[in-house]
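Pasted below: entry-v5.cif, mmCIF, C-alpha atoms.
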data_model
loop_
_atom_site.group_PDB
_atom_site.id
_atom_site.type_symbol
_atom_site.label_atom_id
_atom_site.label_comp_id
_atom_site.auth_asym_id
_atom_site.auth_seq_id
_atom_site.Cartn_x
_atom_site.Cartn_y
_atom_site.Cartn_z
ATOM 1 C CA MET A 1 -89.266 49.001 13.329
ATOM 2 C CA GLY A 2 -85.924 50.075 11.970
ATOM 3 C CA PRO A 3 -84.736 50.291 8.384
ATOM 4 C CA ILE A 4 -83.166 46.817 8.363
ATOM 5 C CA ALA A 5 -86.403 45.257 9.646
ATOM 6 C CA ASN A 6 -88.181 47.099 6.828
ATOM 7 C CA GLY A 7 -85.923 45.590 4.172
ATOM 8 C CA THR A 8 -83.123 48.152 3.858
ATOM 9 C CA PRO A 9 -79.784 46.405 3.298
ATOM 10 C CA ARG A 10 -77.538 46.599 6.369
ATOM 11 C CA ALA A 11 -74.745 48.513 4.585
ATOM 12 C CA GLN A 12 -77.195 51.123 3.308
ATOM 13 C CA ALA A 13 -78.816 51.472 6.742
ATOM 14 C CA LEU A 14 -75.395 51.980 8.334
ATOM 15 C CA ASP A 15 -74.466 54.611 5.728
ATOM 16 C CA GLU A 16 -77.739 56.435 6.418
ATOM 17 C CA ALA A 17 -77.154 56.226 10.183
ATOM 18 C CA ARG A 18 -73.662 57.686 9.789
ATOM 19 C CA ALA A 19 -75.011 60.517 7.632
ATOM 20 C CA LEU A 20 -77.621 61.305 10.287
ATOM 21 C CA LEU A 21 -74.971 61.292 13.016
ATOM 22 C CA ALA A 22 -72.893 63.768 11.016
ATOM 23 C CA ARG A 23 -75.985 65.920 10.500
ATOM 24 C CA VAL A 24 -76.459 66.250 14.271
ATOM 25 C CA LYS A 25 -72.729 66.810 14.842
ATOM 26 C CA VAL A 26 -71.800 63.398 16.229
ATOM 27 C CA ASP A 27 -68.743 61.663 14.758
ATOM 28 C CA PRO A 28 -70.101 59.129 12.220
ATOM 29 C CA LYS A 29 -67.550 56.589 13.479
ATOM 30 C CA ALA A 30 -69.564 56.532 16.707
ATOM 31 C CA ALA A 31 -72.201 54.365 15.003
ATOM 32 C CA ASP A 32 -70.427 51.303 16.380
ATOM 33 C CA ARG A 33 -70.368 52.496 20.000
ATOM 34 C CA TYR A 34 -72.697 51.412 22.812
ATOM 35 C CA PRO A 35 -75.230 53.880 24.286
ATOM 36 C CA ASN A 36 -73.452 54.026 27.663
ATOM 37 C CA GLU A 37 -70.350 55.374 25.895
ATOM 38 C CA PHE A 38 -72.062 58.660 24.994
ATOM 39 C CA SER A 39 -72.469 61.825 27.053
ATOM 40 C CA GLY A 40 -75.926 63.228 27.766
ATOM 41 C CA GLY A 41 -75.560 65.804 25.005
ATOM 42 C CA GLN A 42 -74.444 63.171 22.500
ATOM 43 C CA ARG A 43 -77.369 60.957 23.476
ATOM 44 C CA GLN A 44 -79.770 63.826 22.892
ATOM 45 C CA ARG A 45 -78.228 64.462 19.465
ATOM 46 C CA ILE A 46 -78.686 60.760 18.645
ATOM 47 C CA VAL A 47 -82.350 60.947 19.690
ATOM 48 C CA ILE A 48 -82.745 63.871 17.285
ATOM 49 C CA ALA A 49 -80.996 61.896 14.521
ATOM 50 C CA ARG A 50 -83.363 58.970 15.081
ATOM 51 C CA ALA A 51 -86.344 61.292 14.731
ATOM 52 C CA LEU A 52 -84.905 62.840 11.554
ATOM 53 C CA ALA A 53 -84.490 59.375 10.032
ATOM 54 C CA MET A 54 -88.242 59.337 9.529
ATOM 55 C CA HIS A 55 -88.125 62.605 7.493
ATOM 56 C CA PRO A 56 -90.760 64.265 9.681
ATOM 57 C CA ARG A 57 -92.625 67.464 8.915
ATOM 58 C CA LEU A 58 -93.184 67.949 12.656
ATOM 59 C CA LEU A 59 -90.922 67.150 15.613
ATOM 60 C CA VAL A 60 -92.297 66.853 19.129
ATOM 61 C CA ALA A 61 -89.486 67.801 21.502
ATOM 62 C CA ASP A 62 -90.503 66.958 25.073
ATOM 63 C CA GLU A 63 -88.036 68.591 27.499
ATOM 64 C CA PRO A 64 -85.126 68.037 25.094
ATOM 65 C CA VAL A 65 -82.617 70.021 27.166
ATOM 66 C CA SER A 66 -83.885 69.644 30.735
ATOM 67 C CA ALA A 67 -81.190 67.261 31.985
ATOM 68 C CA LEU A 68 -78.265 68.954 30.228
ATOM 69 C CA ASP A 69 -75.830 71.577 31.465
ATOM 70 C CA VAL A 70 -76.280 75.115 30.152
ATOM 71 C CA SER A 71 -73.548 75.003 27.493
ATOM 72 C CA VAL A 72 -74.847 71.718 26.068
ATOM 73 C CA GLN A 73 -78.412 73.079 26.223
ATOM 74 C CA ALA A 74 -77.330 75.974 24.016
ATOM 75 C CA GLU A 75 -75.735 73.587 21.504
ATOM 76 C CA ILE A 76 -78.852 71.404 21.307
ATOM 77 C CA LEU A 77 -81.140 74.434 20.932
ATOM 78 C CA GLU A 78 -78.901 75.759 18.155
ATOM 79 C CA LEU A 79 -79.046 72.364 16.436
ATOM 80 C CA LEU A 80 -82.853 72.321 16.629
ATOM 81 C CA GLU A 81 -82.989 75.864 15.210
ATOM 82 C CA GLU A 82 -80.706 74.793 12.331
ATOM 83 C CA ILE A 83 -82.949 71.808 11.592
ATOM 84 C CA GLN A 84 -86.022 74.035 11.560
ATOM 85 C CA ALA A 85 -84.382 76.565 9.245
ATOM 86 C CA ARG A 86 -82.747 74.065 6.883
ATOM 87 C CA ASP A 87 -85.499 71.467 6.655
ATOM 88 C CA GLY A 88 -88.603 73.541 7.353
ATOM 89 C CA VAL A 89 -89.555 71.119 10.110
ATOM 90 C CA GLY A 90 -92.259 72.358 12.455
ATOM 91 C CA MET A 91 -91.748 71.804 16.153
ATOM 92 C CA VAL A 92 -93.885 71.370 19.232
ATOM 93 C CA PHE A 93 -91.455 72.231 22.010
ATOM 94 C CA ILE A 94 -92.533 71.134 25.483
ATOM 95 C CA THR A 95 -90.657 72.749 28.366
ATOM 96 C CA HIS A 96 -90.958 74.078 31.888
ATOM 97 C CA ASP A 97 -88.076 76.476 31.235
ATOM 98 C CA LEU A 98 -89.436 79.810 30.076
ATOM 99 C CA ARG A 99 -85.961 81.007 29.074
ATOM 100 C CA VAL A 100 -85.827 78.118 26.612
ATOM 101 C CA ALA A 101 -89.390 78.811 25.461
ATOM 102 C CA SER A 102 -88.536 82.455 24.828
ATOM 103 C CA ARG A 103 -85.694 81.380 22.546
ATOM 104 C CA MET A 104 -87.492 78.628 20.652
ATOM 105 C CA ALA A 105 -91.124 79.672 20.360
ATOM 106 C CA ASP A 106 -93.119 81.864 18.020
ATOM 107 C CA ARG A 107 -96.241 80.955 19.971
ATOM 108 C CA ILE A 108 -96.590 79.780 23.552
ATOM 109 C CA LEU A 109 -99.316 77.709 25.129
ATOM 110 C CA VAL A 110 -99.299 77.669 28.951
ATOM 111 C CA MET A 111 -100.887 74.724 30.720
ATOM 112 C CA SER A 112 -101.779 74.230 34.360
ATOM 113 C CA LYS A 113 -103.214 71.011 35.758
ATOM 114 C CA GLY A 114 -103.759 69.641 32.262
ATOM 115 C CA ARG A 115 -105.670 72.671 30.988
ATOM 116 C CA VAL A 116 -104.637 75.474 28.671
ATOM 117 C CA VAL A 117 -104.732 78.705 30.671
ATOM 118 C CA GLU A 118 -103.141 81.057 28.147
ATOM 119 C CA GLN A 119 -101.882 80.978 24.586
ATOM 120 C CA GLY A 120 -100.643 83.451 22.039
ATOM 121 C CA ASP A 121 -97.672 85.174 20.497
ATOM 122 C CA ALA A 122 -94.523 84.366 22.488
ATOM 123 C CA ARG A 123 -93.507 87.996 22.937
ATOM 124 C CA ALA A 124 -96.970 88.966 24.185
ATOM 125 C CA ILE A 125 -97.139 86.056 26.632
ATOM 126 C CA LEU A 126 -93.658 86.757 27.988
ATOM 127 C CA THR A 127 -94.003 90.537 28.279
ATOM 128 C CA ASP A 128 -97.666 90.901 29.227
ATOM 129 C CA PRO A 129 -99.013 87.644 30.692
ATOM 130 C CA GLN A 130 -102.752 87.692 31.300
ATOM 131 C CA HIS A 131 -103.287 84.621 33.458
ATOM 132 C CA PRO A 132 -102.136 84.524 37.110
ATOM 133 C CA TYR A 133 -100.414 81.157 36.589
ATOM 134 C CA THR A 134 -98.389 82.536 33.676
ATOM 135 C CA ARG A 135 -97.385 85.525 35.817
ATOM 136 C CA GLU A 136 -96.294 83.116 38.577
ATOM 137 C CA LEU A 137 -94.210 81.110 36.109
ATOM 138 C CA LEU A 138 -92.493 84.242 34.849
ATOM 139 C CA ALA A 139 -91.885 85.492 38.390
ATOM 140 C CA ALA A 140 -90.166 82.189 39.201
ATOM 141 C CA VAL A 141 -87.538 82.626 36.456
ATOM 142 C CA PRO A 142 -84.216 83.468 38.140
ATOM 143 C CA ARG A 143 -82.992 86.941 37.272
ATOM 144 C CA ILE A 144 -79.657 88.613 37.726
ATOM 145 C CA GLU A 145 -80.004 91.304 40.356
ATOM 146 C CA THR A 146 -78.781 94.656 39.020
ATOM 147 C CA THR A 147 -79.371 96.939 41.991
ATOM 148 C CA PRO A 148 -76.366 98.955 43.224
ATOM 149 C CA VAL A 149 -76.061 96.660 46.269
ATOM 150 C CA ALA A 150 -76.051 93.504 44.128
ATOM 151 C CA LEU A 151 -73.511 95.010 41.731
ATOM 152 C CA ALA A 152 -71.243 96.008 44.628
ATOM 153 C CA LEU A 153 -71.468 92.492 46.087
ATOM 154 C CA ALA A 154 -70.648 90.996 42.691
ATOM 155 C CA ARG A 155 -67.566 93.221 42.502
ATOM 156 C CA GLY A 156 -66.517 92.145 46.003
ATOM 157 C CA HIS A 157 -67.476 95.350 47.798
ATOM 158 C CA ASP A 158 -69.803 95.688 50.767
#
With the file now loaded, output its structure as structure tokens.
Amino acid sequence: MGPIANGTPRAQALDEARALLARVKVDPKAADRYPNEFSGGQRQRIVIARALAMHPRLLVADEPVSALDVSVQAEILELLEEIQARDGVGMVFITHDLRVASRMADRILVMSKGRVVEQGDARAILTDPQHPYTRELLAAVPRIETTPVALALARGHD
């Protein structure tokens, strides 16, 4: 149920929607556009605005950047960090991307097959994983090769 269905006058609801769009860095004039007219990053910002409309104390962000390119991912993560800092909103951040988890989390809970296999301080989990599944997840994160051979190849030398 939206604000109009709950008795908020249409003009007031539209003003509030525009303010929320501005808060998530979407042009408030976009309130009149159709969903298919927005990019993936803009759509994700609008989803965040819709959640903020309820004045939550806790946001559940389920793979909020998984379908976005890296530059847009960074913008959305920065926006979520700003919301946390400014509004004191807690966040449950669900992701398969450990690079994203390392940026966003104070604590990490690792699940496998629907069961918690490890949990704790993010730094401890990421630097000294105790469970084999967590170690496998960390080993699967792509890394930039910095051996002399890899550096020479990157510079165009054999």
| query | Pick from A:Glu81, A:Asp69, A:Asp128, A:Glu63: nearest to Asp97 (chain A), with all atoms listed in the file counted? | reply | A:Glu63
| message | As an exercise, work out the distance from CA of Ala31 (chain A) to CA of Gly7 (chain A) in Å and give it to one decimal place. | response |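 CA of Gly7 (chain A) lies 19.6 Å from CA of Ala31 (chain A).
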| request: Excluding Leu79 (chain A) and any residue of its chain fewer than 5 positions from it, enumerate the residues within 12 Å of it, using all atoms listed in the file, and give them as a ChimeraX atom specification. | output: /A:22-26,41-42,44-46,48-49,64-65,72-74,84-87,104
Please write out, as lines of an AutoDock Vina configuration file, where the centre of an axis-aligned box around all listed atoms of region 62-74 of chain A lies and how long its edges are, in Å to one decimal, after adding 8 Å on each side.
center_x = -82.0
center_y = 71.5
center_z = 28.0
size_x = 33.0
size_y = 25.0
size_z = 24.0
| query | Residues around (-90.3, 74.4, 31.2), cut-off 12 Å, counting all atoms listed in the file - what are they as a count of residues only? | reply | 28
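As for CA of Ala17 (chain A) and CA of Leu77 (chain A), they are spaced 21.5 Å apart.
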| task | Give me, please, the distance in Å between CA of Val70 (chain A) and CA of Gly120 (chain A), quoted to one decimal. | result | 27.0 Å
| query | With all atoms listed in the file as the basis for distance, which of A:Ile76, A:Val47, A:Leu52, A:Ala105 is at the shortest distance from Ala122 (chain A)? | reply | A:Ala105
| field | Explicit residue set for the PyMOL selection byres ((chain A and resi 54) around 12), as a ChimeraX atom specification | value | /A:1-3,16-17,20,47-53,55-59,89
